[in-house]
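Taking it in order: structure first as structure tokens, then the write-up.
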Amino acid sequence: MLLKPTFLIGLAIYSTVQSLQTFSNKGTYPGNWDDSWVDPLTQGSIDEVSNIYYENTTSIKMTQTYIPTGYTGRYHSEVHKFNAYKRGDTGFYGFMFRLSKDWQFEPAQGYNLAQFIADFTDLPCDEDWMPSSMLWIYGNKLQSRVKTGNVCPTTAQDIQPFADLATVTAGDWHKVLIQASWKSDLTGYYKIWFDDVIVVNATGIRTTVAEARYFQFRVGLYANSWTYPKVMLGTQGFRQVWFDEIAIGTTYKDADPDQW
């Protein structure tokens, strides 16, 4: 069931959960990140900067530049937190992001901002590093999804999209919080708050794949529309996104950038 109410609902029933912030980063790089990745044949970058930030004195700036000829790979500039969840876990994941003030929304393409991903290269099918839940913008609309089913064969994978959740503006800081009960049966739930408004409240659903292994949490700029379908629309081949106040925890306040 998918609801889109306009208030901070669904929190009271979790008030008895012990608060525990398991990860936090106040816009520092390399900081306490487990890893990071910029595709080596791209002109992407990850930098700690002090001229634009949300709360403290720094943020993490990710960039990517489209390569019109001679490159057909992916465009990642992301930081990684290992072991963010495994099947059966429940958690909150929060961060702030800011698009460049001149961000070109039209013609619409997809740019990923956060994803949960795991290595499945050991399985006997055409799958390698596979994301489960993702959060991105298409044009100026926030999008998300969950992936369920079996990883192999790849035809057994199912995707439930959550489309056009909110409008994203350029040059402004936006807050994202995700709460998930990661289940491969119909007992899971998936919730998203955008700028303190709940935009996804999906309960009684599958939220992850059947294979039980740890997924990483990655935030950053992944210009996936430049790879699929291998074209850049519009005239803005240089993209910039800033991230700040990234956290994981057991309660809403643990991951809310305005409460820690």
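Every chain in the structure tokens takes a letter, A first, then B, and so on in the order presented; its residues are numbered from 1, and the ligands are numbered from 1 following the presented order.
Within 12 Å of Gln259 of chain A, once only C-alpha atoms are used and residues closer than 6 positions along the same chain are dropped, the contacting residues are Gln21, Ser24, Glu55, Gly94, Phe95, Glu245, Ile246, Ala247, Gly249, Thr251, Tyr252 and Lys253 of chain A.
Note that DSSP on the backbone gives helix (DSSP H, G or I) to these residues of segment 52-238 of chain A: Thr154, Thr155, Ala156, Asn224, Ser225 and Trp226 of chain A.
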How would the residues just picked look written out with N, CA, C and O atoms as a PDB file, in the first residue's frame?
```
ATOM      1  N   THR A 154      18.550 -13.348 -13.461  1.00  0.00           N
ATOM      2  CA  THR A 154      18.196 -11.931 -13.392  1.00  0.00           C
ATOM      3  C   THR A 154      16.729 -11.691 -13.755  1.00  0.00           C
ATOM      4  O   THR A 154      16.152 -10.670 -13.356  1.00  0.00           O
ATOM      5  N   THR A 155      16.125 -12.624 -14.480  1.00  0.00           N
ATOM      6  CA  THR A 155      14.706 -12.493 -14.816  1.00  0.00           C
ATOM      7  C   THR A 155      13.811 -12.667 -13.593  1.00  0.00           C
ATOM      8  O   THR A 155      12.624 -12.344 -13.643  1.00  0.00           O
ATOM      9  N   ALA A 156      14.394 -13.170 -12.482  1.00  0.00           N
ATOM     10  CA  ALA A 156      13.624 -13.351 -11.249  1.00  0.00           C
ATOM     11  C   ALA A 156      13.632 -12.101 -10.379  1.00  0.00           C
ATOM     12  O   ALA A 156      12.985 -12.077  -9.324  1.00  0.00           O
ATOM     13  N   ASN A 224      23.684   8.062 -14.243  1.00  0.00           N
ATOM     14  CA  ASN A 224      23.404   6.793 -14.924  1.00  0.00           C
ATOM     15  C   ASN A 224      22.704   6.965 -16.269  1.00  0.00           C
ATOM     16  O   ASN A 224      22.824   6.104 -17.139  1.00  0.00           O
ATOM     17  N   SER A 225      21.998   8.047 -16.483  1.00  0.00           N
ATOM     18  CA  SER A 225      21.362   8.256 -17.788  1.00  0.00           C
ATOM     19  C   SER A 225      22.386   8.491 -18.892  1.00  0.00           C
ATOM     20  O   SER A 225      22.081   8.309 -20.069  1.00  0.00           O
ATOM     21  N   TRP A 226      23.592   8.904 -18.518  1.00  0.00           N
ATOM     22  CA  TRP A 226      24.631   9.070 -19.532  1.00  0.00           C
ATOM     23  C   TRP A 226      25.127   7.727 -20.050  1.00  0.00           C
ATOM     24  O   TRP A 226      25.694   7.645 -21.136  1.00  0.00           O
TER      25      TRP A 226
END
```
Inset, instruction - Find, counting only C-alpha atoms, the residue in A:His80, A:Gly73, A:Thr203, A:Gln64 that gets nearest to Ser36 of chain A. - result: A:His80
Just list as a short mmCIF file (atom, residue, chain, number, x, y, z; two decimals) with C-alpha atoms, in the first residue's frame whatever in segment 48-236 of chain A DSSP marks as strand (DSSP E or B).
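Written file, selection.cif:
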```cif
data_model
loop_
_atom_site.label_atom_id
_atom_site.label_comp_id
_atom_site.auth_asym_id
_atom_site.auth_seq_id
_atom_site.Cartn_x
_atom_site.Cartn_y
_atom_site.Cartn_z
CA GLU A 48 35.80 18.21 0.67
CA VAL A 49 34.94 21.89 0.25
CA SER A 59 30.56 19.44 2.64
CA ILE A 60 31.43 16.80 0.05
CA LYS A 61 31.29 17.97 -3.56
CA MET A 62 30.84 15.37 -6.31
CA THR A 63 31.21 16.17 -10.00
CA GLN A 64 31.02 14.35 -13.31
CA THR A 65 31.68 15.46 -16.89
CA HIS A 76 30.19 7.39 -10.62
CA SER A 77 31.47 9.84 -8.00
CA GLU A 78 30.33 8.26 -4.73
CA VAL A 79 31.39 7.63 -1.13
CA HIS A 80 30.68 4.25 0.48
CA LYS A 81 29.60 3.01 3.92
CA PHE A 82 29.97 -0.75 4.20
CA ASN A 83 27.49 -3.09 5.92
CA ALA A 84 24.60 -0.62 5.91
CA TYR A 85 21.99 -3.37 6.00
CA THR A 90 15.58 -2.12 10.12
CA GLY A 91 17.16 1.31 9.95
CA PHE A 92 17.06 5.01 9.12
CA TYR A 93 19.35 6.65 6.55
CA GLY A 94 19.58 10.42 6.15
CA PHE A 95 21.51 13.09 4.30
CA MET A 96 21.37 16.58 2.84
CA PHE A 97 22.06 17.31 -0.81
CA ARG A 98 22.29 20.39 -2.98
CA LEU A 99 22.31 20.63 -6.76
CA GLY A 110 18.12 10.57 -14.44
CA TYR A 111 20.88 11.33 -11.92
CA ASN A 112 21.26 8.98 -8.98
CA LEU A 113 21.94 10.44 -5.51
CA ALA A 114 21.97 7.40 -3.18
CA GLN A 115 21.89 3.65 -3.48
CA PHE A 116 22.20 0.42 -1.51
CA ILE A 117 24.41 -2.03 -3.39
CA ALA A 118 26.07 -5.42 -2.91
CA ASP A 119 28.58 -7.60 -4.76
CA TRP A 129 27.48 -5.18 -8.27
CA MET A 130 23.71 -4.83 -7.97
CA PRO A 131 21.77 -2.03 -6.28
CA SER A 132 18.58 -2.82 -4.41
CA SER A 133 17.04 0.48 -3.32
CA MET A 134 17.98 3.62 -5.22
CA LEU A 135 17.06 7.30 -4.96
CA TRP A 136 17.47 9.70 -7.88
CA ILE A 137 16.05 12.67 -9.71
CA TYR A 138 14.49 12.55 -13.15
CA LYS A 141 11.22 15.03 -9.67
CA LEU A 142 12.47 12.78 -6.90
CA GLN A 143 12.25 9.04 -7.64
CA SER A 144 12.99 5.84 -5.75
CA ARG A 145 12.62 2.08 -6.01
CA VAL A 146 13.10 -1.22 -4.20
CA LYS A 147 14.34 -4.42 -5.83
CA THR A 148 13.07 -7.81 -4.68
CA GLY A 149 12.96 -11.46 -5.74
CA GLN A 157 14.38 -9.81 -10.05
CA ASP A 158 11.41 -7.51 -9.47
CA ILE A 159 11.41 -3.72 -9.16
CA GLN A 160 8.77 -1.62 -7.42
CA PRO A 161 9.11 2.05 -8.43
CA PHE A 162 8.05 5.10 -6.44
CA THR A 167 9.97 18.56 -6.70
CA TRP A 173 19.66 22.21 0.38
CA HIS A 174 17.19 19.31 0.50
CA LYS A 175 16.79 16.72 3.24
CA VAL A 176 16.22 13.01 2.62
CA LEU A 177 15.44 10.36 5.24
CA ILE A 178 14.78 6.74 4.36
CA GLN A 179 13.37 4.20 6.82
CA ALA A 180 13.32 0.58 5.77
CA SER A 181 12.49 -2.79 7.20
CA GLY A 188 8.68 -5.14 5.08
CA TYR A 189 8.12 -1.42 4.82
CA TYR A 190 9.80 1.45 3.01
CA LYS A 191 9.36 5.13 3.90
CA ILE A 192 10.90 8.33 2.61
CA TRP A 193 10.74 11.84 4.04
CA PHE A 194 11.72 14.73 1.77
CA VAL A 197 7.33 15.62 4.51
CA ILE A 198 6.65 11.92 4.15
CA VAL A 199 6.37 11.08 0.46
CA VAL A 200 6.52 7.26 0.59
CA ASN A 201 4.79 5.14 3.23
CA ALA A 202 4.73 1.65 1.74
CA THR A 203 3.93 -1.15 4.20
CA GLY A 204 3.39 -4.86 3.87
CA ILE A 205 5.78 -5.13 0.95
CA VAL A 209 16.20 -9.54 -2.48
CA PHE A 215 24.58 -4.01 1.27
CA GLN A 216 26.64 -0.84 1.19
CA PHE A 217 25.10 2.62 1.44
CA ARG A 218 26.51 4.99 -1.18
CA VAL A 219 25.80 8.67 -1.69
CA GLY A 220 27.06 10.84 -4.49
CA LEU A 221 26.54 11.64 -8.13
CA TYR A 222 25.95 8.72 -10.47
#
```
Legend entry - Counting only C-alpha atoms, the option among A:Arg206, A:Ile248, A:Asp258, A:Gln240 closest to Phe23 of chain A: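 Closest to Phe23 of chain A, using only C-alpha atoms: A:Ile248.
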Legend entry - Test item: residues at most 10 Å from Pro107 of chain A, only C-alpha atoms, excluding those fewer than 3 positions along its chain, as a VMD selection string: chain A and resid 104 138 to 139 232 to 235
